[in-house]
>>> print(open('structure22.txt').read())   # compact mmCIF, C-alpha atoms (C1' of nucleotides)
# COMPACT_ATOMS: atom_id res chain seq x y z
CA MET J 553 -29.08 10.39 21.59
CA GLU J 554 -30.05 6.78 21.50
CA SER J 555 -29.54 4.62 24.53
CA SER J 556 -29.07 1.40 22.62
CA PRO J 557 -25.31 0.97 22.14
CA SER J 558 -24.31 -0.29 25.57
CA THR J 559 -27.53 -2.12 26.34
CA GLU J 560 -26.51 -4.96 24.03
CA SER J 561 -25.56 -6.84 27.17
CA PRO J 562 -26.73 -10.46 26.74
CA SER J 563 -24.21 -11.61 24.19
CA GLU J 564 -22.12 -8.95 22.48
CA MET J 565 -18.92 -10.45 21.19
CA PRO J 566 -19.44 -13.04 18.48
CA ALA J 567 -19.69 -11.46 15.04
CA GLU J 568 -17.03 -8.79 15.13
CA PRO J 569 -13.76 -10.70 15.40
CA THR J 570 -14.81 -12.75 12.42
CA GLN J 571 -15.39 -9.70 10.29
CA ALA J 572 -12.11 -8.16 11.40
CA GLU J 573 -10.36 -11.36 10.42
CA ARG J 574 -11.97 -11.30 7.01
CA PHE J 575 -10.82 -7.77 6.39
CA GLY J 576 -7.36 -8.58 7.62
CA LYS J 577 -7.19 -11.57 5.37
CA ALA J 578 -8.28 -9.60 2.35
CA ARG J 579 -5.62 -7.03 3.24
CA SER J 580 -2.76 -9.51 3.40
CA ALA J 581 -3.98 -11.25 0.26
CA GLN J 582 -3.25 -8.02 -1.53
CA SER J 583 0.40 -8.36 -0.56
CA ALA J 584 0.66 -11.87 -1.96
CA ALA J 585 -1.02 -10.65 -5.11
CA LEU J 586 2.04 -8.79 -6.29
CA THR J 587 4.23 -11.82 -5.81
CA GLU J 588 1.80 -13.92 -7.76
CA ASP J 589 1.57 -11.44 -10.59
CA TYR J 590 5.32 -11.33 -10.99
CA VAL J 591 5.81 -15.06 -10.82
CA GLU J 592 3.02 -15.69 -13.26
CA LEU J 593 4.36 -13.14 -15.68
CA ILE J 594 7.92 -14.40 -15.48
CA ALA J 595 6.75 -17.92 -16.16
CA ASP J 596 4.81 -16.66 -19.13
CA LEU J 597 7.75 -14.75 -20.54
CA LEU J 598 10.04 -17.72 -20.08
CA ALA J 599 7.54 -20.01 -21.76
CA THR J 600 6.86 -17.81 -24.74
CA GLY J 601 10.05 -15.91 -25.33
CA GLY J 602 12.62 -18.12 -23.67
CA GLU J 603 13.75 -15.38 -21.34
CA ALA J 604 12.33 -12.87 -18.90
CA ARG J 605 14.05 -9.51 -19.10
CA LEU J 606 13.61 -6.76 -16.57
CA VAL J 607 12.41 -4.33 -19.16
CA ASP J 608 9.74 -6.66 -20.43
CA ILE J 609 8.54 -7.47 -16.95
CA ALA J 610 8.30 -3.80 -16.05
CA ARG J 611 6.52 -2.91 -19.25
CA ARG J 612 4.03 -5.74 -19.04
CA LEU J 613 3.18 -4.85 -15.48
CA GLY J 614 3.04 -1.17 -16.22
CA VAL J 615 5.66 -0.13 -13.67
CA SER J 616 9.07 1.51 -13.92
CA HIS J 617 12.22 -0.61 -14.15
CA PRO J 618 13.46 0.21 -10.69
CA THR J 619 10.17 -0.91 -9.24
CA ALA J 620 10.52 -4.20 -11.04
CA VAL J 621 14.06 -4.53 -9.72
CA LYS J 622 12.86 -4.08 -6.17
CA SER J 623 10.09 -6.58 -6.57
CA ILE J 624 12.35 -9.15 -8.13
CA ARG J 625 14.81 -8.63 -5.32
CA ARG J 626 11.97 -9.57 -3.02
CA LEU J 627 11.18 -12.66 -5.06
CA LYS J 628 14.81 -13.71 -4.78
CA ARG J 629 14.72 -13.10 -1.04
CA GLU J 630 11.67 -15.34 -0.84
CA GLY J 631 13.37 -18.07 -2.81
CA LEU J 632 11.05 -17.87 -5.79
CA ALA J 633 13.40 -16.48 -8.40
CA THR J 634 17.02 -16.04 -9.37
CA SER J 635 18.64 -13.70 -11.83
CA LEU J 636 21.95 -13.21 -13.54
CA PRO J 637 22.92 -9.57 -13.93
CA TYR J 638 22.35 -9.07 -17.62
CA ARG J 639 20.91 -12.46 -18.40
CA GLY J 640 17.33 -12.17 -17.27
CA VAL J 641 15.23 -13.56 -14.46
CA PHE J 642 14.49 -17.21 -13.76
CA LEU J 643 12.23 -19.12 -11.41
CA THR J 644 13.32 -21.59 -8.80
CA GLN J 645 11.49 -24.86 -8.37
CA ALA J 646 9.26 -23.19 -5.78
CA GLY J 647 8.68 -20.31 -8.17
CA ARG J 648 7.68 -22.62 -10.97
CA GLU J 649 5.27 -24.47 -8.74
CA LEU J 650 3.71 -21.25 -7.56
CA ALA J 651 3.44 -20.05 -11.15
CA GLU J 652 1.67 -23.23 -12.13
CA ARG J 653 -0.82 -22.93 -9.29
CA VAL J 654 -1.46 -19.30 -10.09
CA ARG J 655 -1.89 -20.01 -13.74
CA ALA J 656 -4.33 -22.84 -13.14
CA ARG J 657 -6.31 -20.67 -10.76
CA HIS J 658 -6.36 -17.77 -13.19
CA ARG J 659 -7.66 -20.01 -15.94
CA ILE J 660 -10.40 -21.43 -13.75
CA VAL J 661 -11.50 -18.00 -12.60
CA VAL J 662 -11.71 -16.73 -16.16
CA GLU J 663 -13.62 -19.80 -17.26
CA LEU J 664 -16.01 -19.52 -14.36
CA LEU J 665 -16.69 -15.90 -15.14
CA CYS J 666 -17.32 -16.71 -18.77
CA ALA J 667 -19.52 -19.62 -17.78
CA VAL J 668 -21.85 -17.37 -15.84
CA GLY J 669 -22.07 -14.96 -18.74
CA VAL J 670 -19.34 -12.40 -18.22
CA PRO J 671 -18.01 -11.09 -21.53
CA PRO J 672 -14.51 -12.47 -22.22
CA GLU J 673 -12.70 -9.13 -22.08
CA ALA J 674 -14.29 -8.22 -18.76
CA ALA J 675 -13.64 -11.73 -17.47
CA GLU J 676 -9.97 -11.48 -18.32
CA ALA J 677 -9.64 -8.00 -16.83
CA ASP J 678 -11.53 -8.67 -13.62
CA ALA J 679 -9.86 -12.03 -13.10
CA GLU J 680 -6.59 -10.20 -12.71
CA GLY J 681 -7.87 -8.70 -9.51
CA ILE J 682 -10.29 -11.40 -8.39
CA GLU J 683 -7.99 -14.39 -8.60
CA HIS J 684 -5.90 -13.30 -5.67
CA HIS J 685 -8.87 -13.47 -3.36
CA VAL J 686 -10.14 -16.88 -4.38
CA SER J 687 -9.64 -19.38 -1.59
CA LYS J 688 -9.10 -23.09 -2.03
CA ALA J 689 -12.69 -23.83 -1.13
CA THR J 690 -13.98 -21.34 -3.66
CA LEU J 691 -11.64 -22.56 -6.35
CA ASP J 692 -12.75 -26.12 -5.80
CA ALA J 693 -16.35 -25.03 -6.08
CA PHE J 694 -15.53 -23.26 -9.34
CA SER J 695 -13.92 -26.43 -10.70
CA ARG J 696 -16.90 -28.55 -9.77
CA PHE J 697 -19.26 -26.07 -11.33
CA LEU J 698 -17.32 -26.03 -14.58
CA MET J 699 -16.99 -29.78 -14.60
CA GLY J 700 -20.71 -30.21 -14.10
CA ARG J 701 -21.71 -28.10 -17.04
CA ARG J 702 -19.31 -29.57 -19.58
CA MET U 739 -2.99 -15.07 -25.33
CA GLU U 740 -4.20 -11.52 -25.89
CA SER U 741 -7.55 -11.37 -27.57
CA SER U 742 -7.38 -8.16 -29.55
CA PRO U 743 -4.44 -5.79 -29.45
CA SER U 744 -5.75 -2.30 -29.91
CA THR U 745 -3.26 -1.18 -32.51
CA GLU U 746 -1.57 -3.67 -34.77
CA SER U 747 1.35 -1.45 -35.66
CA PRO U 748 3.75 -2.65 -38.32
CA SER U 749 6.83 -3.43 -36.30
CA GLU U 750 6.66 -2.75 -32.58
CA MET U 751 4.20 -2.28 -29.72
CA PRO U 752 2.21 -5.49 -29.53
CA ALA U 753 -0.45 -6.37 -26.98
CA GLU U 754 1.36 -5.40 -23.84
CA PRO U 755 -0.22 -2.06 -22.98
CA THR U 756 -3.49 -3.87 -22.50
CA GLN U 757 -2.07 -6.15 -19.89
CA ALA U 758 -0.25 -3.30 -18.17
CA GLU U 759 -3.54 -1.46 -17.99
CA ARG U 760 -5.22 -4.44 -16.42
CA PHE U 761 -2.56 -4.69 -13.76
CA GLY U 762 -2.67 -1.00 -13.13
CA LYS U 763 -6.39 -1.11 -12.80
CA ALA U 764 -6.25 -3.98 -10.35
CA ARG U 765 -3.66 -2.00 -8.42
CA SER U 766 -5.70 1.15 -8.11
CA ALA U 767 -8.80 -0.87 -7.32
CA GLN U 768 -7.02 -1.89 -4.17
CA SER U 769 -6.94 1.74 -3.08
CA ALA U 770 -10.64 2.20 -3.67
CA ALA U 771 -11.27 -1.00 -1.76
CA LEU U 772 -10.38 0.59 1.55
CA THR U 773 -12.73 3.48 0.92
CA GLU U 774 -15.50 1.09 0.06
CA ASP U 775 -14.93 -1.02 3.13
CA TYR U 776 -15.12 1.97 5.40
CA VAL U 777 -18.19 3.46 3.78
CA GLU U 778 -19.97 0.15 3.79
CA LEU U 779 -19.16 -0.45 7.42
CA ILE U 780 -20.18 3.02 8.52
CA ALA U 781 -23.49 2.64 6.75
CA ASP U 782 -24.00 -0.67 8.47
CA LEU U 783 -23.20 0.74 11.89
CA LEU U 784 -25.50 3.69 11.34
CA ALA U 785 -28.28 1.41 10.20
CA THR U 786 -28.04 -1.08 13.02
CA GLY U 787 -26.81 0.89 16.00
CA GLY U 788 -27.84 4.41 15.08
CA GLU U 789 -24.30 5.70 15.26
CA ALA U 790 -20.83 4.91 13.97
CA ARG U 791 -18.14 5.44 16.58
CA LEU U 792 -14.45 5.46 15.84
CA VAL U 793 -13.81 2.66 18.24
CA ASP U 794 -16.40 0.40 16.68
CA ILE U 795 -15.19 1.09 13.17
CA ALA U 796 -11.61 0.29 14.13
CA ARG U 797 -12.57 -2.89 15.93
CA ARG U 798 -14.79 -4.18 13.16
CA LEU U 799 -12.08 -3.57 10.58
CA GLY U 800 -9.39 -5.00 12.78
CA VAL U 801 -7.20 -1.89 12.80
CA SER U 802 -6.03 0.47 15.52
CA HIS U 803 -8.01 3.60 16.31
CA PRO U 804 -5.47 6.01 14.89
CA THR U 805 -5.53 4.14 11.63
CA ALA U 806 -9.29 4.50 11.51
CA VAL U 807 -8.91 8.22 12.23
CA LYS U 808 -6.59 8.63 9.29
CA SER U 809 -8.85 6.72 6.96
CA ILE U 810 -11.90 8.68 8.00
CA ARG U 811 -10.00 11.89 7.49
CA ARG U 812 -9.48 10.71 3.95
CA LEU U 813 -13.17 9.95 3.55
CA LYS U 814 -13.97 13.46 4.70
CA ARG U 815 -11.44 14.87 2.29
CA GLU U 816 -13.15 12.95 -0.49
CA GLY U 817 -16.54 14.27 0.52
CA LEU U 818 -17.95 10.92 1.54
CA ALA U 819 -18.24 11.39 5.28
CA THR U 820 -18.47 13.95 8.03
CA SER U 821 -17.82 13.62 11.72
CA LEU U 822 -18.34 15.58 14.89
CA PRO U 823 -15.49 15.25 17.37
CA TYR U 824 -17.14 13.07 19.99
CA ARG U 825 -20.37 12.39 18.18
CA GLY U 826 -19.42 9.72 15.69
CA VAL U 827 -19.08 9.53 11.93
CA PHE U 828 -21.75 10.16 9.35
CA LEU U 829 -22.07 9.75 5.60
CA THR U 830 -22.75 12.51 3.12
CA GLN U 831 -25.23 11.97 0.33
CA ALA U 832 -22.39 10.77 -1.87
CA GLY U 833 -21.25 8.44 0.89
CA ARG U 834 -24.69 6.96 1.30
CA GLU U 835 -25.00 6.37 -2.41
CA LEU U 836 -21.61 4.69 -2.54
CA ALA U 837 -22.52 2.57 0.45
CA GLU U 838 -25.69 1.45 -1.25
CA ARG U 839 -23.88 0.48 -4.43
CA VAL U 840 -21.20 -1.35 -2.49
CA ARG U 841 -23.74 -3.18 -0.42
CA ALA U 842 -25.74 -4.28 -3.43
CA ARG U 843 -22.61 -5.45 -5.17
CA HIS U 844 -21.43 -7.36 -2.12
CA ARG U 845 -24.76 -9.13 -1.86
CA ILE U 846 -24.73 -10.10 -5.51
CA VAL U 847 -21.19 -11.41 -5.32
CA VAL U 848 -21.98 -13.54 -2.31
CA GLU U 849 -25.11 -14.86 -3.95
CA LEU U 850 -23.28 -15.64 -7.15
CA LEU U 851 -20.59 -17.52 -5.28
CA CYS U 852 -23.18 -19.51 -3.39
CA ALA U 853 -25.07 -20.18 -6.60
CA VAL U 854 -22.07 -21.87 -8.17
CA GLY U 855 -21.57 -24.00 -5.10
CA VAL U 856 -19.16 -22.10 -2.86
CA PRO U 857 -19.84 -22.83 0.82
CA PRO U 858 -21.48 -19.81 2.49
CA GLU U 859 -18.64 -19.08 4.90
CA ALA U 860 -16.07 -19.14 2.12
CA ALA U 861 -18.37 -17.08 -0.07
CA GLU U 862 -18.71 -14.43 2.57
CA ALA U 863 -14.99 -14.37 3.30
CA ASP U 864 -13.80 -14.33 -0.30
CA ALA U 865 -16.41 -11.80 -1.35
CA GLU U 866 -14.76 -9.32 0.96
CA GLY U 867 -11.74 -9.32 -1.32
CA ILE U 868 -13.38 -10.16 -4.64
CA GLU U 869 -16.11 -7.55 -4.67
CA HIS U 870 -13.68 -4.69 -5.16
CA HIS U 871 -12.53 -6.11 -8.46
CA VAL U 872 -15.92 -6.78 -9.96
CA SER U 873 -16.60 -4.41 -12.85
CA LYS U 874 -19.99 -3.20 -13.96
CA ALA U 875 -20.04 -5.65 -16.84
CA THR U 876 -19.24 -8.56 -14.57
CA LEU U 877 -21.75 -7.48 -11.97
CA ASP U 878 -24.47 -7.25 -14.58
CA ALA U 879 -23.61 -10.72 -15.78
CA PHE U 880 -23.83 -11.97 -12.21
CA SER U 881 -27.26 -10.40 -11.84
CA ARG U 882 -28.51 -11.95 -15.04
CA PHE U 883 -27.16 -15.33 -14.04
CA LEU U 884 -28.89 -15.18 -10.66
CA MET U 885 -32.09 -13.94 -12.21
CA GLY U 886 -32.12 -16.74 -14.72
CA ARG U 887 -31.85 -19.49 -12.18
CA ARG U 888 -34.45 -18.21 -9.72
C1' DC I 304 -18.59 17.62 41.74
C1' DG I 305 -14.52 15.28 40.91
C1' DT I 306 -12.24 11.86 39.14
C1' DA I 307 -11.34 7.33 36.63
C1' DG I 308 -11.64 5.32 32.47
C1' DA I 309 -13.28 5.24 27.76
C1' DA I 310 -13.19 7.67 23.38
C1' DG I 311 -10.81 10.57 20.32
C1' DT I 312 -6.70 13.00 18.60
C1' DT I 313 -1.87 13.95 17.58
C1' DA I 314 2.88 12.88 16.78
C1' DG I 315 6.12 10.14 14.94
C1' DC I 316 7.86 5.68 13.31
C1' DT I 317 7.94 1.52 9.93
C1' DC I 318 7.28 -0.85 5.72
C1' DA I 319 6.15 -1.61 0.99
C1' DG I 320 5.56 -0.20 -3.53
C1' DG I 321 6.14 3.60 -6.93
C1' DC I 322 8.87 7.07 -9.24
C1' DT I 323 12.81 10.05 -11.08
C1' DA I 324 17.51 10.88 -11.78
C1' DC I 325 21.80 9.27 -12.35
C1' DA I 326 25.38 5.69 -13.03
C1' DT I 327 26.96 1.52 -15.25
C1' DA I 328 26.98 -2.47 -18.25
C1' DT I 329 25.90 -4.91 -22.86
C1' DC I 330 25.22 -5.15 -27.43
C1' DA I 331 25.10 -4.21 -32.19
C1' DA I 332 26.58 -1.85 -35.95
C1' DT I 333 29.64 0.86 -38.34
C1' DA E 484 37.38 -0.82 -31.76
C1' DT E 485 34.28 3.05 -30.79
C1' DT E 486 30.03 4.49 -29.86
C1' DG E 487 25.20 5.24 -29.38
C1' DA E 488 21.12 2.90 -27.98
C1' DT E 489 19.24 -0.33 -24.66
C1' DA E 490 19.13 -2.69 -20.57
C1' DT E 491 20.31 -2.92 -15.52
C1' DG E 492 21.29 -1.28 -11.30
C1' DT E 493 21.57 2.19 -7.31
C1' DA E 494 20.21 6.22 -4.55
C1' DG E 495 16.93 8.87 -2.67
C1' DC E 496 12.36 10.59 -2.26
C1' DC E 497 7.08 10.24 -1.84
C1' DT E 498 2.78 8.29 -0.37
C1' DG E 499 -0.46 5.41 2.00
C1' DA E 500 -1.72 2.35 5.49
C1' DG E 501 -0.43 0.40 9.96
C1' DC E 502 1.20 0.77 14.68
C1' DT E 503 2.52 2.58 19.50
C1' DA E 504 2.82 6.10 22.80
C1' DA E 505 1.29 10.05 24.93
C1' DC E 506 -2.08 13.70 25.40
C1' DT E 507 -6.88 15.64 25.58
C1' DT E 508 -11.77 15.51 26.11
C1' DC E 509 -16.07 13.34 27.49
C1' DT E 510 -18.95 10.95 30.42
C1' DA E 511 -20.55 8.39 33.93
C1' DC E 512 -20.55 7.13 38.51
C1' DG E 513 -19.65 7.24 43.34
>>> encode(input="structure22.txt", output="structure tokens")
Amino acid sequence: MESSPSTESPSEMPAEPTQAERFGKARSAQSAALTEDYVELIADLLATGGEARLVDIARRLGVSHPTAVKSIRRLKREGLATSLPYRGVFLTQAGRELAERVRARHRIVVELLCAVGVPPEAAEADAEGIEHHVSKATLDAFSRFLMGRR
Amino acid sequence: MESSPSTESPSEMPAEPTQAERFGKARSAQSAALTEDYVELIADLLATGGEARLVDIARRLGVSHPTAVKSIRRLKREGLATSLPYRGVFLTQAGRELAERVRARHRIVVELLCAVGVPPEAAEADAEGIEHHVSKATLDAFSRFLMGRR
DNA sequence: CGTAGAAGTTAGCTCAGGCTACATATCAAT
DNA sequence: ATTGATATGTAGCCTGAGCTAACTTCTACG
């Protein structure tokens, strides 16, 4: 057995907390991702079809209706959406603002991916997962990059 | 908004399945993410310190020890790792190969982010979440982009 | 050598997101 | 108006990842 592990005496505390924080952050981002997906989709349905029905939401997200119900209940709890029993789902002011931010970010991520040579279909598919992990700093950098090459 | 619906049936079933698939894919990617994080970290610990102890893994990932135990049990179940009770965790051949792929991908993602102007700290932090959603096609595009500007 | 403390393990709980099955409400068309 | 097809909603279960508490096993040191 190697004798190295404990002999790291001089300074052995700096790097780890940072990495743990990064992982933790990525983990919680995943939770917000669902919220963002729902809000974005609802906004889209409202914009294109005039209304956002449970069935459509569930189908577009590829989940069962009850799952969509639960998630939307959460959105309502968080003050992002409202719904009338058989009249569809709507967004609150906060929900609309979030949707707008998410949509703008999604667009920028897709454009950035395309700009560096990712095929459009892959860009669209990967963006769905990537966008939720793009911080403000990174998004700003993406914007600048796209701006610069126009 | 959809580029090319797979089947343009007469009346029903428009472009939705595609989007549902994307969401589903992003969802399951999140599950693989954990596996990748663990394997990558174990490889790193083995490379730098010679051994990967439960305690170190848990601390670096920012989770409790029992959580790490559970996750590693899963890795063993999936044939990616082995462990001897008080002797640390090791990677199987498959685990080492996965670790190598993950590491290469992580590096490329960070480099790509930096190349488009993302500050290094943000690049490193965001990559932790982004990398798990980068498909082969996107990764290849990243590589080409980086190659081209060297 | 014997024991204190670190490392590892087990048990059992929570929470969130998913699902199926079943119940109810709406709507559209006859 | 009745009724069958859709759309919603509720109940109850599963799974995975996290945590704490309590127990066991090493190991190192006095």
>>> residues_around(input="structure22.txt", residues="segment 311-319 of chain I", least_positions_apart="6", cutoff="10 Å", atoms="only C-alpha atoms (C1' of nucleotides)", output="PyMOL selection string")
(chain J and resi 583+623) or (chain U and resi 791-793+803-804+807+823-826) or (chain E and resi 499-509)
>>> calpha_fit_and_write(input="structure22.txt", fixed="chain U", moving="chain J", output="short mmCIF file (atom, residue, chain, number, x, y, z; two decimals) with C-alpha atoms, keeping the file's coordinate frame")
data_model
loop_
_atom_site.label_atom_id
_atom_site.label_comp_id
_atom_site.auth_asym_id
_atom_site.auth_seq_id
_atom_site.Cartn_x
_atom_site.Cartn_y
_atom_site.Cartn_z
CA MET J 553 18.00 -15.63 -30.15
CA GLU J 554 14.71 -15.56 -31.92
CA SER J 555 14.11 -13.07 -34.67
CA SER J 556 10.38 -12.81 -34.13
CA PRO J 557 9.83 -9.83 -31.82
CA SER J 558 10.22 -6.96 -34.27
CA THR J 559 8.88 -8.77 -37.31
CA GLU J 560 5.33 -8.36 -36.03
CA SER J 561 5.03 -5.52 -38.51
CA PRO J 562 1.58 -5.77 -40.14
CA SER J 563 -0.55 -4.67 -37.24
CA GLU J 564 1.11 -4.48 -33.84
CA MET J 565 -0.76 -2.09 -31.61
CA PRO J 566 -4.29 -3.21 -30.81
CA ALA J 567 -4.39 -5.54 -27.82
CA GLU J 568 -1.92 -3.98 -25.44
CA PRO J 569 -3.47 -0.65 -24.49
CA THR J 570 -6.64 -2.48 -23.59
CA GLN J 571 -4.85 -4.81 -21.23
CA ALA J 572 -2.93 -1.93 -19.67
CA GLU J 573 -6.22 -0.16 -19.10
CA ARG J 574 -7.69 -3.21 -17.44
CA PHE J 575 -4.78 -3.47 -15.07
CA GLY J 576 -4.92 0.22 -14.33
CA LYS J 577 -8.59 0.00 -13.63
CA ALA J 578 -8.17 -2.92 -11.28
CA ARG J 579 -5.44 -0.93 -9.53
CA SER J 580 -7.56 2.15 -8.94
CA ALA J 581 -10.52 0.02 -7.90
CA GLN J 582 -8.40 -1.10 -5.00
CA SER J 583 -8.23 2.49 -3.80
CA ALA J 584 -11.99 2.91 -3.86
CA ALA J 585 -12.31 -0.37 -2.02
CA LEU J 586 -11.12 1.09 1.25
CA THR J 587 -13.60 3.92 1.03
CA GLU J 588 -16.38 1.48 0.37
CA ASP J 589 -15.40 -0.76 3.24
CA TYR J 590 -15.43 2.11 5.68
CA VAL J 591 -18.70 3.56 4.49
CA GLU J 592 -20.37 0.19 4.52
CA LEU J 593 -19.13 -0.56 7.99
CA ILE J 594 -20.13 2.80 9.39
CA ALA J 595 -23.61 2.40 7.98
CA ASP J 596 -23.80 -1.01 9.56
CA LEU J 597 -22.68 0.22 12.95
CA LEU J 598 -25.11 3.11 12.82
CA ALA J 599 -27.94 0.79 11.85
CA THR J 600 -27.28 -1.83 14.48
CA GLY J 601 -25.80 0.03 17.39
CA GLY J 602 -27.02 3.55 16.81
CA GLU J 603 -23.52 4.95 16.69
CA ALA J 604 -20.21 4.35 14.97
CA ARG J 605 -17.26 4.81 17.29
CA LEU J 606 -13.68 5.01 16.14
CA VAL J 607 -12.66 2.10 18.27
CA ASP J 608 -15.34 -0.15 16.88
CA ILE J 609 -14.55 0.81 13.32
CA ALA J 610 -10.86 0.12 13.83
CA ARG J 611 -11.49 -3.18 15.53
CA ARG J 612 -13.97 -4.41 12.97
CA LEU J 613 -11.61 -3.56 10.15
CA GLY J 614 -8.64 -4.99 11.94
CA VAL J 615 -6.55 -1.82 11.89
CA SER J 616 -5.15 0.46 14.57
CA HIS J 617 -7.11 3.49 15.76
CA PRO J 618 -4.84 6.04 14.16
CA THR J 619 -5.25 4.33 10.83
CA ALA J 620 -8.99 4.56 11.19
CA VAL J 621 -8.66 8.23 12.08
CA LYS J 622 -6.71 8.90 8.92
CA SER J 623 -9.16 7.05 6.77
CA ILE J 624 -12.13 8.80 8.28
CA ARG J 625 -10.40 12.10 7.75
CA ARG J 626 -10.26 11.14 4.10
CA LEU J 627 -13.94 10.26 4.07
CA LYS J 628 -14.72 13.68 5.53
CA ARG J 629 -12.52 15.31 2.90
CA GLU J 630 -14.48 13.46 0.24
CA GLY J 631 -17.78 14.59 1.69
CA LEU J 632 -18.94 11.13 2.68
CA ALA J 633 -18.82 11.41 6.44
CA THR J 634 -18.80 13.81 9.36
CA SER J 635 -17.77 13.32 12.94
CA LEU J 636 -18.04 15.08 16.25
CA PRO J 637 -14.93 14.75 18.39
CA TYR J 638 -16.12 12.31 21.00
CA ARG J 639 -19.52 11.60 19.56
CA GLY J 640 -18.80 9.12 16.81
CA VAL J 641 -18.84 9.15 13.04
CA PHE J 642 -21.82 9.82 10.79
CA LEU J 643 -22.53 9.61 7.08
CA THR J 644 -23.58 12.45 4.87
CA GLN J 645 -26.35 11.99 2.35
CA ALA J 646 -23.74 11.01 -0.24
CA GLY J 647 -22.21 8.60 2.25
CA ARG J 648 -25.53 6.97 2.95
CA GLU J 649 -26.24 6.56 -0.73
CA LEU J 650 -22.84 5.03 -1.33
CA ALA J 651 -23.35 2.71 1.62
CA GLU J 652 -26.66 1.57 0.22
CA ARG J 653 -25.17 0.85 -3.19
CA VAL J 654 -22.27 -1.01 -1.65
CA ARG J 655 -24.52 -3.01 0.58
CA ALA J 656 -26.83 -4.00 -2.26
CA ARG J 657 -23.85 -5.00 -4.37
CA HIS J 658 -22.32 -7.00 -1.54
CA ARG J 659 -25.56 -8.88 -1.02
CA ILE J 660 -25.90 -9.69 -4.70
CA VAL J 661 -22.33 -10.90 -4.95
CA VAL J 662 -22.76 -13.18 -1.96
CA GLU J 663 -26.02 -14.52 -3.31
CA LEU J 664 -24.52 -15.12 -6.71
CA LEU J 665 -21.62 -17.00 -5.22
CA CYS J 666 -23.96 -19.13 -3.15
CA ALA J 667 -26.16 -19.71 -6.17
CA VAL J 668 -23.31 -21.25 -8.12
CA GLY J 669 -22.43 -23.50 -5.22
CA VAL J 670 -19.87 -21.63 -3.15
CA PRO J 671 -20.14 -22.52 0.53
CA PRO J 672 -21.64 -19.62 2.52
CA GLU J 673 -18.55 -18.91 4.63
CA ALA J 674 -16.29 -18.79 1.58
CA ALA J 675 -18.87 -16.71 -0.27
CA GLU J 676 -18.98 -14.17 2.51
CA ALA J 677 -15.19 -14.04 2.83
CA ASP J 678 -14.40 -13.83 -0.86
CA ALA J 679 -17.17 -11.32 -1.52
CA GLU J 680 -15.32 -8.89 0.68
CA GLY J 681 -12.58 -8.74 -1.88
CA ILE J 682 -14.54 -9.49 -5.05
CA GLU J 683 -17.28 -6.92 -4.67
CA HIS J 684 -14.99 -4.01 -5.29
CA HIS J 685 -14.16 -5.27 -8.74
CA VAL J 686 -17.69 -5.96 -9.92
CA SER J 687 -18.70 -3.51 -12.61
CA LYS J 688 -22.22 -2.33 -13.31
CA ALA J 689 -22.53 -4.66 -16.26
CA THR J 690 -21.42 -7.63 -14.21
CA LEU J 691 -23.67 -6.73 -11.32
CA ASP J 692 -26.64 -6.46 -13.63
CA ALA J 693 -25.83 -9.86 -15.06
CA PHE J 694 -25.66 -11.26 -11.53
CA SER J 695 -29.09 -9.80 -10.75
CA ARG J 696 -30.62 -11.25 -13.87
CA PHE J 697 -29.11 -14.62 -13.15
CA LEU J 698 -30.48 -14.65 -9.62
CA MET J 699 -33.85 -13.43 -10.76
CA GLY J 700 -34.06 -16.14 -13.38
CA ARG J 701 -33.47 -18.98 -10.99
CA ARG J 702 -35.88 -17.89 -8.27
#
>>> interface_residues(input="structure22.txt", of="chain J", to="chain I", cutoff="8 Å", atoms="all atoms listed in the file", output="PyMOL selection string")
chain J and resi 615-616+619+638
>>> residues_around(input="structure22.txt", residues="Ala790 of chain U", least_positions_apart="2", cutoff="9 Å", atoms="all atoms listed in the file", output="list in words")
Leu779, Ile780, Ala781, Asp782, Leu783, Leu784, Gly787, Gly788, Leu792, Val793, Asp794, Ile795, Arg825, Gly826, Val827 and Phe828 of chain U
>>> atom_distance(input="structure22.txt", atom1="atom C1' of DT493 of chain E", atom2="atom CA of Ser766 of chain U")
27.3 Å
>>> interface_residues(input="structure22.txt", of="chain E", to="chain J", cutoff="10 Å", atoms="all atoms listed in the file", output="PyMOL selection string")
chain E and resi 489-493
>>> write_last_selection(input="structure22.txt", atoms="C-alpha atoms (C1' of nucleotides)", output="JSON list (two decimals), in the frame of the given file")
[["chain", "number", "residue", "atom", "x", "y", "z"],
["E", 489, "DT", "C1'", 19.24, -0.33, -24.66],
["E", 490, "DA", "C1'", 19.13, -2.69, -20.57],
["E", 491, "DT", "C1'", 20.31, -2.92, -15.52],
["E", 492, "DG", "C1'", 21.29, -1.28, -11.30],
["E", 493, "DT", "C1'", 21.57, 2.19, -7.31]]
>>> atom_distance(input="structure22.txt", atom1="atom CA of Arg798 of chain U", atom2="atom CA of Arg811 of chain U")
17.7 Å
>>> closest_residue(input="structure22.txt", among="J:Leu698, J:Leu632, J:Val654, J:Val668", to="chain U", atoms="only C-alpha atoms")
J:Val668
>>> closest_residue(input="structure22.txt", among="J:Thr690, J:Ser695, J:Ser635, J:Thr587", to="chain U", atoms="all atoms listed in the file")
J:Thr690
>>> closest_residue(input="structure22.txt", among="U:Leu772, U:Leu822, U:Cys852, U:Leu799", to="chain J", atoms="all atoms listed in the file")
U:Leu799
>>> interface_residues(input="structure22.txt", of="chain U", to="chain J", cutoff="7 Å", atoms="only C-alpha atoms", output="PyMOL selection string")
chain U and resi 754-755+757-762+764+787+797-800+854-856+860+863-864+866-868+871-873+875-876+879-880+883
>>> atom_distance(input="structure22.txt", atom1="atom CA of Arg629 of chain J", atom2="atom CA of Leu650 of chain J")
15.2 Å
